[in-house]
$ cat model04.pdb   # PDB, C-alpha atoms and all ligand atoms
ATOM      1  CA  MET G   1      53.520  22.352 -19.066
ATOM      2  CA  GLY G   2      55.629  22.038 -22.142
ATOM      3  CA  TYR G   3      54.818  20.080 -25.254
ATOM      4  CA  PHE G   4      57.362  17.294 -24.626
ATOM      5  CA  SER G   5      56.627  16.956 -20.909
ATOM      6  CA  ASP G   6      52.934  16.423 -21.837
ATOM      7  CA  ILE G   7      53.950  13.598 -24.173
ATOM      8  CA  VAL G   8      56.149  12.018 -21.490
ATOM      9  CA  ARG G   9      53.291  12.251 -18.958
ATOM     10  CA  GLY G  10      50.848  10.698 -21.457
ATOM     11  CA  VAL G  11      53.163   7.766 -22.192
ATOM     12  CA  LYS G  12      53.847   7.279 -18.463
ATOM     13  CA  THR G  13      50.172   7.151 -17.471
ATOM     14  CA  THR G  14      49.407   4.816 -20.395
ATOM     15  CA  LEU G  15      52.118   2.432 -19.238
ATOM     16  CA  ILE G  16      50.773   2.545 -15.669
ATOM     17  CA  GLY G  17      47.288   1.678 -16.962
ATOM     18  CA  LEU G  18      48.622  -1.151 -19.145
ATOM     19  CA  GLY G  19      50.625  -2.467 -16.205
ATOM     20  CA  LEU G  20      47.483  -2.648 -14.064
ATOM     21  CA  THR G  21      45.609  -4.454 -16.842
ATOM     22  CA  ALA G  22      48.456  -6.945 -17.302
ATOM     23  CA  LYS G  23      48.567  -7.574 -13.541
ATOM     24  CA  GLU G  24      44.838  -8.357 -13.462
ATOM     25  CA  MET G  25      45.113 -10.656 -16.490
ATOM     26  CA  VAL G  26      47.753 -12.907 -14.978
ATOM     27  CA  GLN G  27      46.138 -13.215 -11.536
ATOM     28  CA  PRO G  28      44.105 -16.467 -11.400
ATOM     29  CA  GLY G  29      40.437 -16.049 -10.509
ATOM     30  CA  HIS G  30      40.368 -12.333 -11.292
ATOM     31  CA  ILE G  31      37.556 -11.197 -13.544
ATOM     32  CA  VAL G  32      38.836  -9.082 -16.402
ATOM     33  CA  THR G  33      35.608  -8.901 -18.367
ATOM     34  CA  ILE G  34      32.395 -10.889 -18.525
ATOM     35  CA  GLU G  35      29.696 -11.550 -21.099
ATOM     36  CA  TYR G  36      27.096  -9.261 -19.552
ATOM     37  CA  PRO G  37      24.092  -9.716 -19.483
ATOM     38  CA  LYS G  38      24.566 -13.468 -19.984
ATOM     39  CA  LYS G  39      26.854 -13.436 -16.955
ATOM     40  CA  SER G  40      27.014 -10.969 -14.119
ATOM     41  CA  ILE G  41      29.205 -10.236 -11.133
ATOM     42  CA  PRO G  42      27.550 -11.251  -7.853
ATOM     43  CA  VAL G  43      26.479  -8.274  -5.760
ATOM     44  CA  PRO G  44      27.082  -8.100  -2.005
ATOM     45  CA  ASP G  45      24.247  -8.847   0.424
ATOM     46  CA  THR G  46      24.622  -5.355   1.813
ATOM     47  CA  GLY G  47      24.280  -3.765  -1.622
ATOM     48  CA  ARG G  48      21.675  -1.027  -2.029
ATOM     49  CA  TYR G  49      19.883  -1.296  -5.333
ATOM     50  CA  ARG G  50      16.207  -1.205  -6.310
ATOM     51  CA  LEU G  51      13.715  -0.754  -3.482
ATOM     52  CA  HIS G  52      10.922  -3.188  -2.822
ATOM     53  CA  ASN G  53       7.881  -2.825  -0.592
ATOM     54  CA  HIS G  54       6.309  -6.029   0.689
ATOM     55  CA  PHE G  55       2.989  -4.221   0.559
ATOM     56  CA  ASP G  56       0.973  -6.654   2.658
ATOM     57  CA  ASP G  57       3.007  -5.556   5.685
ATOM     58  CA  CYS G  58       2.942  -1.825   4.928
ATOM     59  CA  ILE G  59       0.876   0.184   7.423
ATOM     60  CA  GLY G  60       1.111   3.441   5.478
ATOM     61  CA  CYS G  61       2.758   5.288   8.354
ATOM     62  CA  ASN G  62       4.655   7.592   5.967
ATOM     63  CA  GLN G  63       7.897   7.360   7.943
ATOM     64  CA  CYS G  64       9.839   6.238   4.866
ATOM     65  CA  ALA G  65       8.555   9.171   2.808
ATOM     66  CA  ASN G  66       9.409  11.599   5.599
ATOM     67  CA  ALA G  67      12.952  10.233   5.771
ATOM     68  CA  CYS G  68      13.611  10.459   2.023
ATOM     69  CA  PRO G  69      15.838  13.456   1.266
ATOM     70  CA  VAL G  70      14.718  13.690  -2.369
ATOM     71  CA  SER G  71      10.979  13.023  -1.942
ATOM     72  CA  CYS G  72      10.793  10.087  -4.295
ATOM     73  CA  ILE G  73       8.259   8.127  -2.228
ATOM     74  CA  GLU G  74       4.639   9.176  -2.652
ATOM     75  CA  ILE G  75       1.976   7.776  -0.342
ATOM     76  CA  VAL G  76      -1.742   8.519  -0.431
ATOM     77  CA  SER G  77      -3.860   7.001   2.305
ATOM     78  CA  PHE G  78      -7.090   7.383   4.229
ATOM     79  CA  LYS G  79      -8.536   6.082   7.469
ATOM     80  CA  ARG G  80      -9.754   2.509   7.906
ATOM     81  CA  LEU G  81     -12.883   1.934   9.916
ATOM     82  CA  ASP G  82     -12.354  -0.076  13.110
ATOM     83  CA  LYS G  83     -13.773  -3.196  11.456
ATOM     84  CA  ASP G  84     -11.004  -3.087   8.831
ATOM     85  CA  VAL G  85      -8.035  -2.503  11.149
ATOM     86  CA  GLU G  86      -5.543  -5.364  10.792
ATOM     87  CA  THR G  87      -2.462  -6.378  12.768
ATOM     88  CA  VAL G  88       0.813  -7.063  11.000
ATOM     89  CA  LYS G  89       4.076  -8.318  12.455
ATOM     90  CA  GLU G  90       2.181  -9.056  15.693
ATOM     91  CA  THR G  91       2.212  -5.503  17.047
ATOM     92  CA  GLN G  92       1.730  -3.060  14.182
ATOM     93  CA  LYS G  93      -1.770  -1.925  13.261
ATOM     94  CA  LYS G  94      -2.922  -1.176   9.759
ATOM     95  CA  ARG G  95      -5.169   1.813  10.437
ATOM     96  CA  LEU G  96      -4.999   3.272   6.931
ATOM     97  CA  TRP G  97      -5.939   2.238   3.425
ATOM     98  CA  VAL G  98      -2.920   2.989   1.241
ATOM     99  CA  GLU G  99      -4.335   3.733  -2.158
ATOM    100  CA  LYS G 100      -0.994   4.856  -3.588
ATOM    101  CA  PHE G 101       2.536   3.840  -2.705
ATOM    102  CA  ASP G 102       4.876   4.862  -5.510
ATOM    103  CA  ILE G 103       8.646   5.059  -5.573
ATOM    104  CA  ASP G 104      10.326   6.987  -8.360
ATOM    105  CA  MET G 105      13.586   5.078  -8.734
ATOM    106  CA  SER G 106      14.857   7.595 -11.300
ATOM    107  CA  LYS G 107      15.167  10.104  -8.433
ATOM    108  CA  CYS G 108      16.398   7.641  -5.803
ATOM    109  CA  MET G 109      20.014   8.062  -4.707
ATOM    110  CA  PHE G 110      20.151   4.680  -2.915
ATOM    111  CA  CYS G 111      20.967   6.156   0.466
ATOM    112  CA  GLY G 112      18.753   3.609   2.250
ATOM    113  CA  LEU G 113      17.452   6.187   4.742
ATOM    114  CA  CYS G 114      13.855   5.182   4.028
ATOM    115  CA  THR G 115      14.362   1.577   5.118
ATOM    116  CA  TRP G 116      15.595   2.316   8.647
ATOM    117  CA  PRO G 117      12.461   3.851  10.179
ATOM    118  CA  CYS G 118      10.065   1.297   8.640
ATOM    119  CA  PRO G 119       8.317  -0.284  11.667
ATOM    120  CA  THR G 120       7.395  -3.480   9.834
ATOM    121  CA  GLU G 121      10.625  -3.856   7.812
ATOM    122  CA  CYS G 122       8.575  -4.221   4.667
ATOM    123  CA  LEU G 123      10.662  -1.691   2.740
ATOM    124  CA  THR G 124      13.979  -3.156   1.660
ATOM    125  CA  MET G 125      16.754  -2.565  -0.820
ATOM    126  CA  THR G 126      17.120  -5.514  -3.179
ATOM    127  CA  LYS G 127      19.963  -6.811  -5.299
ATOM    128  CA  VAL G 128      18.169  -5.820  -8.501
ATOM    129  CA  TYR G 129      20.336  -3.246 -10.266
ATOM    130  CA  ASP G 130      19.583  -3.830 -13.923
ATOM    131  CA  TYR G 131      16.303  -2.088 -14.641
ATOM    132  CA  SER G 132      17.055   0.315 -17.438
ATOM    133  CA  ALA G 133      14.049   1.630 -19.366
ATOM    134  CA  TYR G 134      13.332   3.698 -22.452
ATOM    135  CA  ASP G 135      10.818   5.894 -20.663
ATOM    136  CA  PHE G 136      11.789   7.394 -17.294
ATOM    137  CA  ARG G 137       8.170   6.999 -16.176
ATOM    138  CA  ASP G 138       8.794   3.254 -16.159
ATOM    139  CA  HIS G 139      11.033   3.879 -13.174
ATOM    140  CA  ILE G 140       8.034   4.748 -11.021
ATOM    141  CA  TYR G 141       7.255   1.527  -9.146
ATOM    142  CA  GLN G 142       3.723   1.169  -7.830
ATOM    143  CA  PHE G 143       3.275  -1.061  -4.808
ATOM    144  CA  SER G 144      -0.307  -0.592  -3.681
ATOM    145  CA  ASN G 145      -2.235  -3.758  -4.488
ATOM    146  CA  HIS G 146      -5.705  -2.372  -3.787
ATOM    147  CA  THR G 147      -8.032  -2.231  -6.757
ATOM    148  CA  PRO G 148      -9.791   1.048  -7.672
ATOM    149  CA  GLU G 149     -13.107  -0.686  -6.880
ATOM    150  CA  GLN G 150     -11.911  -1.618  -3.389
ATOM    151  CA  ILE G 151     -10.662   1.909  -2.727
ATOM    152  CA  ALA G 152     -13.947   3.417  -3.950
ATOM    153  CA  GLU G 153     -15.922   1.062  -1.724
ATOM    154  CA  LYS G 154     -13.816   1.843   1.355
ATOM    155  CA  LYS G 155     -14.017   5.587   0.719
ATOM    156  CA  ALA G 156     -17.791   5.365   0.437
ATOM    157  CA  GLU G 157     -17.951   3.444   3.728
ATOM    158  CA  LEU G 158     -15.796   6.082   5.409
ATOM    159  CA  GLU G 159     -17.952   8.907   4.066
ATOM    160  CA  ALA G 160     -21.098   7.175   5.347
ATOM    161  CA  TRP G 161     -19.463   6.678   8.742
ATOM    162  CA  ASN G 162     -18.392  10.331   8.884
ATOM    163  CA  ALA G 163     -21.942  11.427   8.012
ATOM    164  CA  GLU G 164     -23.350   9.130  10.702
ATOM    165  CA  GLN G 165     -20.952  10.558  13.313
ATOM    166  CA  ALA G 166     -21.807  14.130  12.285
ATOM    167  CA  ALA G 167     -25.540  13.354  12.573
ATOM    168  CA  LYS G 168     -25.042  11.847  16.047
ATOM    169  CA  LYS G 169     -23.058  14.903  17.154
ATOM    170  CA  ALA G 170     -25.696  17.275  15.825
ATOM    171  CA  ALA G 171     -28.470  15.291  17.558
ATOM    172  CA  ALA G 172     -26.562  15.385  20.866
ATOM    173  CA  ALA G 173     -26.032  19.154  20.546
ATOM    174  CA  ALA G 174     -29.721  19.685  19.730
ATOM    175  CA  ALA G 175     -30.773  17.579  22.753
ATOM    176  CA  ALA G 176     -28.459  19.586  25.016
ATOM    177  CA  ALA G 177     -29.872  22.870  23.689
ATOM    178  CA  ALA G 178     -33.484  21.666  24.213
ATOM    179  CA  LYS G 179     -32.866  20.760  27.858
ATOM    180  CA  PRO G 180     -34.710  23.188  30.239
ATOM    181  CA  ALA G 181     -32.408  25.579  32.098
ATOM    182  CA  PRO G 182     -32.042  24.894  35.870
ATOM    183  CA  PRO G 183     -34.222  27.160  38.142
ATOM    184  CA  ALA G 184     -32.620  30.408  39.289
ATOM    185  CA  ASP G 185     -31.078  30.389  42.788
ATOM    186  CA  PRO G 186     -33.389  32.521  45.075
ATOM    187  CA  ALA G 187     -30.390  33.387  47.316
ATOM    188  CA  GLY G 188     -28.692  34.889  44.295
ATOM    189  CA  GLY G 189     -25.784  32.504  44.681
ATOM    190  CA  LYS G 190     -24.961  33.774  48.284
ATOM    191  CA  ALA G 191     -24.566  31.252  51.125
TER     192      ALA G 191
HETATM  193  S1  LIG G 201      17.015   5.125  -0.803
HETATM  194 FE1  LIG G 201      17.196   7.279  -0.152
HETATM  195  S2  LIG G 201      16.659   8.461  -1.985
HETATM  196 FE2  LIG G 201      15.981   6.343  -2.355
HETATM  197  S3  LIG G 201      13.816   6.354  -1.720
HETATM  198 FE3  LIG G 201      15.040   5.689   0.055
HETATM  199  S4  LIG G 201      15.442   7.592   1.204
HETATM  200 FE4  LIG G 201      14.765   8.184  -0.847
HETATM  201  S1  LIG G 202       7.757   3.133   6.714
HETATM  202 FE1  LIG G 202       7.279   1.021   6.094
HETATM  203  S2  LIG G 202       5.222   0.674   6.914
HETATM  204 FE2  LIG G 202       5.546   2.868   6.946
HETATM  205  S3  LIG G 202       4.673   3.588   4.985
HETATM  206 FE3  LIG G 202       6.876   3.236   4.662
HETATM  207  S4  LIG G 202       6.997   1.151   3.878
HETATM  208 FE4  LIG G 202       4.987   1.361   4.791
END
$ encode --input "model04.pdb" --output "structure tokens" --more "lines below"
Ligand code: SF4
Ligand code: SF4
Amino acid sequence: MGYFSDIVRGVKTTLIGLGLTAKEMVQPGHIVTIEYPKKSIPVPDTGRYRLHNHFDDCIGCNQCANACPVSCIEIVSFKRLDKDVETVKETQKKRLWVEKFDIDMSKCMFCGLCTWPCPTECLTMTKVYDYSAYDFRDHIYQFSNHTPEQIAEKKAELEAWNAEQAAKKAAAAAAAAAKPAPPADPAGGKA
């Protein structure tokens, strides 16, 4: 490219850009600029922005985390005892205590793949797009609403239950071992 042809190209592209701007300015109803954040452009209902977990309906199944291509969902859970199993959305059972359900939105690429397999539809993409922060750690959203005291209590109950089951198993094995052996067959097993 020569010197003058570069200048011609620069002027041409500038005029094209100015033409587009002028076209937008004269069209009624078209937004040229707005006083953000005082005003904002409405986002579509199908938009994929910040994730939200309606935690009360989350069963901790991990399907969302398994579907995430960048591993930004972290779930830590442990078994609920039968007395604590709850039903959500009429058919889904909460069989786990979810002590941690974190989503690192600084890693999220807004693909929405995590929302599709959710059996209770508690994980959704919201219209919230303005959540800038000074510290990237503020982009880790924590959804578990269990208190540390509640988690500690439930873990202790589970440990006690496990110990009880192990003791029962050991007692059954000991009883089976103490049982006298059946008398030997005098025919040596022949008919
Ligand atoms: S939207 Fe995509 S990247 Fe973001 S958490 Fe869900 S699966 Fe992961
Ligand atoms: S898929 Fe839904 S129910 Fe299962 S852990 Fe994720 S958010 Fe919870």
$ axis_aligned_box --input "model04.pdb" --around "ligand LIG 201 (chain G)" --padding-each-side "5 Å" --output "JSON"
{"center_x": 15.5, "center_y": 6.8, "center_z": -0.6, "size_x": 13.4, "size_y": 13.3, "size_z": 13.6}
$ atom_distance --input "model04.pdb" --atom1 "atom CA of G:Asn53" --atom2 "atom CA of G:Lys39"
27.2 Å
$ atom_distance --input "model04.pdb" --atom1 "atom CA of G:Lys79" --atom2 "atom CA of G:Glu153"
12.8 Å
$ atom_distance --input "model04.pdb" --atom1 "atom CA of G:Glu74" --atom2 "atom CA of G:Cys114"
12.1 Å
$ resolve_selection --input "model04.pdb" --expression "the PyMOL selection byres (((chain G and resi 118-127) around 6) and not hetatm)" --output "PyMOL selection string"
chain G and resi 48-54+57+115-117+128
$ resolve_selection --input "model04.pdb" --expression "the PyMOL selection byres (((chain G and resi 69) around 12) and not hetatm)" --output "ChimeraX atom specification"
/G:64-68,70-73,107-114
$ resolve_selection --input "model04.pdb" --expression "the PyMOL selection byres (((chain G and resi 82-99) around 7) and not hetatm)" --output "PyMOL selection string"
chain G and resi 57+59-60+76-81+100-101+120+144+146+151
$ closest_residue --input "model04.pdb" --among "G:Gln27, G:Asn62, G:Gln150, G:Thr21" --to "ligand LIG 202 (chain G)" --atoms "all atoms listed in the file"
G:Asn62
$ closest_residue --input "model04.pdb" --among "G:Glu157, G:Asp104, G:Asp56, G:Asp6" --to "G:Ile75" --atoms "all atoms listed in the file"
G:Asp104
$ closest_residue --input "model04.pdb" --among "G:Phe143, G:Gly29, G:Asp45, G:Ile34" --to "ligand LIG 202 (chain G)" --atoms "only C-alpha atoms and all ligand atoms"
G:Phe143
$ closest_residue --input "model04.pdb" --among "G:Gln165, G:Ser106, G:Ser132, G:Thr147" --to "ligand LIG 201 (chain G)" --atoms "only C-alpha atoms and all ligand atoms"
G:Ser106
$ closest_residue --input "model04.pdb" --among "G:Asp102, G:Pro148, G:Ala181, G:Cys58" --to "ligand LIG 201 (chain G)" --atoms "all atoms listed in the file"
G:Asp102
$ closest_residue --input "model04.pdb" --among "G:Lys179, G:Ala133, G:Phe55, G:Ala170" --to "ligand LIG 202 (chain G)" --atoms "all atoms listed in the file"
G:Phe55
